[in-house]
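A quick write-up on the structure given underneath.
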Amino acid sequence: MTSRAVLLPTPGDPFMLLMWFGLFERVWQKEVDQLLIMINGPVPFEVRNSLTQILSKNKKVIIRIRENMMDHGPAITELLRYCQQDHVVLMEDDAPTFKKGVIDKLFGMVESGEVGAVVSPRGCTSSMLIQAIDLKFNLGPNPIPNFWPSFLFIKRDDLLRTDQNFAAKFWHKGEYIKEIDWTVDEDVAGDTFVWASIQLRALGLKFHYVEQYHRYPEDAKYYALKAGNFDGVAPWFHIGSLSGFYHQLLKPNSVLPTLNNDDERLEFCGRIFWIEMCLKYTQHYWDETIRAEAERYKTGIDRVIEGLKLNRAHIKMFRKMYEELLGL
């Protein structure tokens with residue numbers, strides 16, 4: 001009998017983590033054996049303590065703590081090395097799963113040996129490196145060769161067969177990458193998990209591809225067309241670009257980014273709506289400490305909306321679509 005673990009690094013936004021956790025508890029926790037959470041970042045001690053107590057009421061939860069913000073890659077590495085389960089899935093706290101059965105099904109594909117890993121494609125590096133990877137592994141037209149470190153199902157031992165560096169990586173001109181038999185023509189960089197993706201391909205694993213279901217500014221169009229996250233098939237979605245909100249943008253004196261046009265404001269509306277939803281739909285978990293933190297959080301949300309001149313009607317539009325998707 002094999003065992004399953006979720007590896008969840010998080011910078012510790014208490015409301016976003018509780019939103020993710022609420023769907024875990026309500027929808028699919030029976031499909032895994034353990035949830036390993038790495039909370040890292042300058043979360044106030046009393047908030048982190050309350051959050052740990054709330055999460056730890058679930059017997060499947062094990063929490064690791066780092067007071068300083070870690071890069072996503074090293075956080076995965078630490079969780080992986082601590083984990084003892086046979087199979088793991090990598091997840092992110094802004095990417096909730098809301099349909100039953102899919103986690104069980106995809107773990108089953110790896111456990112049965114039908115595939116070596118379930119992955120979600122991404123580029124996140126230069127076209128030059130993508131071409132070199134394609135040349136080595138013959139990926140076909142329009143290759144997207146790398147993998148998101150989210151909704152990735154794999155044997156723990158196969159991840160341990162890499163050098164366990166899941167962070168972003170830089171290669172200098174003239175450096176040889178033996179896994180793809182390529183000498184770098186000019187300096188090139190890969191985002192988080194790009195180097196790990198190359199190593200996993202070099203292991204000769206068979207991959208099953210799944211959609212990441214990323215949130216986009218054009219979601220209203222997809223909603224109308226019943227496409228993208230609203231296609232009726234999506235078991236999860238990934239909001240994206242939220243790791244800096246809690247520790248940076250919601251601080252009273254933080255410098256807000258400069259937005260140059262309505263398209264950039266719409267993109268921020270497509271982030272802030274989720275922050276608002278997390279605040280609204282996690283209240284059943286709150287203790288007095290988290291409730292007090294929620295007041296500061298709400299003040300920060302209003303400051304961002306007003307400071308960036310975001311359209312509240314657009315925020316409401318996003319919120320309505322995703323509330324419907326989640327059945328809230």
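Chains: A, B, ... in order of the structure tokens. Residues: from 1 per chain. Ligands: from 1, in order shown.
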
Just the residues within 7 Å of Ala189 of chain A, please, counting only C-alpha atoms, with nothing from its chain fewer than 2 positions along; format it as an mmCIF file with all heavy atoms, in the first residue's frame.
data_model
loop_
_atom_site.group_PDB
_atom_site.id
_atom_site.type_symbol
_atom_site.label_atom_id
_atom_site.label_comp_id
_atom_site.auth_asym_id
_atom_site.auth_seq_id
_atom_site.Cartn_x
_atom_site.Cartn_y
_atom_site.Cartn_z
ATOM 1 N N THR A 125 11.482 30.257 -19.606
ATOM 2 C CA THR A 125 12.902 30.399 -19.881
ATOM 3 C C THR A 125 13.037 30.941 -21.301
ATOM 4 O O THR A 125 12.032 31.228 -21.959
ATOM 5 C CB THR A 125 13.651 29.062 -19.719
ATOM 6 O OG1 THR A 125 15.061 29.303 -19.810
ATOM 7 C CG2 THR A 125 13.251 28.047 -20.772
ATOM 8 N N LYS A 169 17.490 28.950 -11.957
ATOM 9 C CA LYS A 169 18.903 28.631 -12.219
ATOM 10 C C LYS A 169 19.417 29.489 -13.375
ATOM 11 O O LYS A 169 18.674 29.786 -14.316
ATOM 12 C CB LYS A 169 19.080 27.149 -12.542
ATOM 13 C CG LYS A 169 20.536 26.679 -12.671
ATOM 14 C CD LYS A 169 20.610 25.182 -12.830
ATOM 15 C CE LYS A 169 22.038 24.688 -13.087
ATOM 16 N NZ LYS A 169 22.929 24.950 -11.926
ATOM 17 N N PHE A 170 20.704 29.838 -13.291
ATOM 18 C CA PHE A 170 21.361 30.654 -14.322
ATOM 19 C C PHE A 170 22.536 29.871 -14.903
ATOM 20 O O PHE A 170 23.298 29.268 -14.158
ATOM 21 C CB PHE A 170 21.859 31.966 -13.699
ATOM 22 C CG PHE A 170 22.440 32.934 -14.686
ATOM 23 C CD1 PHE A 170 21.623 33.837 -15.352
ATOM 24 C CD2 PHE A 170 23.800 32.940 -14.960
ATOM 25 C CE1 PHE A 170 22.146 34.736 -16.267
ATOM 26 C CE2 PHE A 170 24.344 33.832 -15.871
ATOM 27 C CZ PHE A 170 23.509 34.729 -16.520
ATOM 28 N N TRP A 171 22.625 29.853 -16.232
ATOM 29 C CA TRP A 171 23.750 29.232 -16.916
ATOM 30 C C TRP A 171 24.534 30.300 -17.669
ATOM 31 O O TRP A 171 23.956 31.132 -18.388
ATOM 32 C CB TRP A 171 23.270 28.184 -17.915
ATOM 33 C CG TRP A 171 22.629 26.971 -17.317
ATOM 34 C CD1 TRP A 171 23.241 25.820 -16.912
ATOM 35 C CD2 TRP A 171 21.227 26.767 -17.069
ATOM 36 N NE1 TRP A 171 22.324 24.924 -16.436
ATOM 37 C CE2 TRP A 171 21.064 25.472 -16.517
ATOM 38 C CE3 TRP A 171 20.087 27.554 -17.271
ATOM 39 C CZ2 TRP A 171 19.830 24.960 -16.162
ATOM 40 C CZ3 TRP A 171 18.848 27.050 -16.904
ATOM 41 C CH2 TRP A 171 18.729 25.770 -16.362
ATOM 42 N N ASP A 191 13.283 29.882 -14.765
ATOM 43 C CA ASP A 191 12.516 30.177 -13.556
ATOM 44 C C ASP A 191 12.464 28.940 -12.649
ATOM 45 O O ASP A 191 13.024 27.891 -12.962
ATOM 46 C CB ASP A 191 11.111 30.629 -13.957
ATOM 47 C CG ASP A 191 10.436 31.487 -12.898
ATOM 48 O OD1 ASP A 191 10.927 31.508 -11.752
ATOM 49 O OD2 ASP A 191 9.411 32.124 -13.212
#

Query - Picked from segment 123-166 of chain A by DSSP as strand (DSSP E), as a list of chain:residue names - result: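 Taking segment 123-166 of chain A and keeping strand (DSSP E) gives A:Asn146, A:Phe147, A:Leu152, A:Phe153, A:Ile154, A:Lys155.
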
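Minimum atom-to-atom distances from A:Trp182, A:Phe151, A:Phe166, A:Tyr246 to Ile130 of chain A were compared using only C-alpha atoms, and the lowest value belongs to A:Trp182.
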
Query raised in the report: Near Asn253 of chain A, counting only C-alpha atoms, which residues have an atom at most 12 Å away, once you skip same-chain residues fewer than 6 positions from it, shown as a ChimeraX atom specification?
Result: /A:247,300,303-304,307

What does the file look like for those residues with C-alpha atoms, as a PDB file, in the first residue's frame?
ATOM      1  CA  HIS A 247       4.209  40.843   3.179  1.00  0.00           C
ATOM      2  CA  GLY A 300      -4.471  46.976   3.281  1.00  0.00           C
ATOM      3  CA  ARG A 303      -5.404  50.943   0.396  1.00  0.00           C
ATOM      4  CA  VAL A 304      -4.288  48.919  -2.643  1.00  0.00           C
ATOM      5  CA  GLY A 307      -3.966  53.661  -4.405  1.00  0.00           C
TER       6      GLY A 307
END

Spatial neighbours of Leu106 of chain A, 12 Å, only C-alpha atoms, chain gap at least 4 places, as a CSV table (one decimal) with N, CA and C atoms, in the first residue's frame:
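part.csv, written as the output of this step:
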chain,number,residue,atom,x,y,z
A,4,ARG,N,0.6,8.8,0.2
A,4,ARG,CA,0.6,10.1,-0.5
A,4,ARG,C,0.7,11.3,0.4
A,31,GLU,N,-8.3,11.9,0.0
A,31,GLU,CA,-7.6,11.3,-1.1
A,31,GLU,C,-6.1,11.3,-0.9
A,32,VAL,N,-5.6,11.8,0.3
A,32,VAL,CA,-4.2,11.8,0.6
A,32,VAL,C,-4.0,11.4,2.0
A,87,HIS,N,4.7,8.8,-2.6
A,87,HIS,CA,4.3,9.7,-3.7
A,87,HIS,C,3.9,11.1,-3.2
A,88,VAL,N,4.2,12.1,-4.0
A,88,VAL,CA,3.9,13.5,-3.5
A,88,VAL,C,3.3,14.2,-4.7
A,89,VAL,N,2.5,15.3,-4.3
A,89,VAL,CA,2.0,16.2,-5.2
A,89,VAL,C,2.5,17.6,-4.7
A,100,LYS,N,-13.9,16.7,-6.2
A,100,LYS,CA,-13.5,15.4,-5.6
A,100,LYS,C,-13.0,14.5,-6.7
A,101,GLY,N,-12.1,13.6,-6.3
A,101,GLY,CA,-11.8,12.5,-7.1
A,101,GLY,C,-10.6,12.7,-8.0
A,102,VAL,N,-10.3,13.9,-8.4
A,102,VAL,CA,-9.2,14.2,-9.4
A,102,VAL,C,-7.8,13.9,-8.8
A,110,VAL,N,0.2,7.5,-11.3
A,110,VAL,CA,1.6,7.3,-11.0
A,110,VAL,C,1.9,6.0,-10.2
A,111,GLU,N,1.0,5.8,-9.3
A,111,GLU,CA,1.2,4.6,-8.4
A,111,GLU,C,1.1,3.3,-9.2
A,112,SER,N,0.3,3.3,-10.3
A,112,SER,CA,0.1,2.1,-11.1
A,112,SER,C,1.2,1.9,-12.0
A,113,GLY,N,2.0,2.9,-12.2
A,113,GLY,CA,3.1,2.8,-13.2
A,113,GLY,C,2.7,3.2,-14.6
A,114,GLU,N,1.4,3.6,-14.8
A,114,GLU,CA,0.9,4.0,-16.1
A,114,GLU,C,1.7,5.2,-16.6
A,115,VAL,N,2.1,6.1,-15.7
A,115,VAL,CA,3.0,7.2,-16.1
A,115,VAL,C,4.0,7.4,-14.9
A,116,GLY,N,5.1,8.1,-15.3
A,116,GLY,CA,6.1,8.5,-14.3
A,116,GLY,C,5.8,9.7,-13.5
A,117,ALA,N,5.0,10.6,-14.1
A,117,ALA,CA,4.7,11.9,-13.4
A,117,ALA,C,3.5,12.5,-14.2
A,118,VAL,N,2.7,13.2,-13.4
A,118,VAL,CA,1.6,14.1,-14.0
A,118,VAL,C,2.1,15.5,-13.8
A,119,VAL,N,2.1,16.2,-15.0
A,119,VAL,CA,2.8,17.5,-15.0
A,119,VAL,C,1.9,18.5,-15.7
A,151,PHE,N,0.5,21.1,-8.9
A,151,PHE,CA,-0.3,20.0,-9.5
A,151,PHE,C,0.7,19.1,-10.2
A,152,LEU,N,1.8,18.8,-9.6
A,152,LEU,CA,2.8,17.9,-10.2
A,152,LEU,C,2.8,16.6,-9.2
A,153,PHE,N,2.4,15.5,-9.8
A,153,PHE,CA,2.3,14.2,-9.1
A,153,PHE,C,3.5,13.3,-9.5
A,154,ILE,N,4.2,12.8,-8.5
A,154,ILE,CA,5.4,12.0,-8.9
A,154,ILE,C,5.8,11.1,-7.7
A,155,LYS,N,6.6,10.1,-7.9
A,155,LYS,CA,7.2,9.3,-6.9
A,155,LYS,C,8.2,10.2,-6.1
A,207,PHE,N,5.3,11.1,-19.2
A,207,PHE,CA,4.5,12.2,-18.5
A,207,PHE,C,3.1,12.2,-19.0
A,208,HIS,N,2.2,12.5,-18.1
A,208,HIS,CA,0.8,12.8,-18.4
A,208,HIS,C,0.6,14.3,-18.2
A,209,TYR,N,0.0,15.0,-19.2
A,209,TYR,CA,-0.1,16.4,-19.1
A,209,TYR,C,-1.5,16.8,-18.6
A,210,VAL,N,-1.5,17.8,-17.7
A,210,VAL,CA,-2.8,18.3,-17.2
A,210,VAL,C,-2.7,19.8,-17.4
A,235,PRO,N,-10.7,21.1,-12.4
A,235,PRO,CA,-10.9,20.6,-11.0
A,235,PRO,C,-10.2,21.6,-10.0

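Distances to Ile180 of chain A were evaluated for A:Ala224, A:Met317, A:Ala196, A:Ala132 using only C-alpha atoms, and the minimum falls at A:Ala132.
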
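Those residues of segment 146-235 of chain A that DSSP, working from the backbone, places in helix (DSSP H, G or I) are Arg156, Asp157, Asp158, Leu159, Leu160, Lys178, Glu179, Ile180, Val194, Trp195, Ala196, Ser197, Ile198, Gln199, Leu200, Arg201, Ala202, Asp219, Ala220, Lys221, Tyr222, Tyr223, Ala224, Leu225, Gly228, Asn229 and Phe230 of chain A.
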
Query raised in the report: Counting only C-alpha atoms, what is within 10 Å of Arg201 of chain A, bar same-chain residues fewer than 3 positions away, as JSON, numbers by chain?
Result: {"A": [133, 136, 137, 145, 146, 179, 180, 196, 197, 198, 204, 205, 206, 207]}

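Ranking A:Ala5, A:Leu249, A:Leu159, A:Ile37 by their shortest atom-to-atom distance to Phe107 of chain A, with only C-alpha atoms included, puts A:Ala5 first.
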
Report task. List the neighbours of Val61 of chain A out to 7 Å using only C-alpha atoms; skip same-chain residues closer than 3 positions along the sequence, and give me the result as a PyMOL selection string. Result -> chain A and resi 34-36+55-56+58

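Nearest to Lys316 of chain A of all the residues A:Asp302, A:Val6, A:Arg296, A:Ile272 is A:Ile272, based on only C-alpha atoms.
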
Query raised in the report: Of the candidates A:Asn261, A:Ser150, A:Gln164, A:Thr52, which shows the shortest atom-to-atom distance to Leu17 of chain A, using only C-alpha atoms?
Result: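 Looking only at the distances to Leu17 of chain A, the closest residue turns out to be A:Thr52.
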
Report task. Could you tell me which of A:Cys83, A:Leu90, A:Arg66, A:Glu175 comes closest to Leu7 of chain A if we count only C-alpha atoms? Result ->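 For Leu7 of chain A, the nearest of the given residues is A:Leu90.
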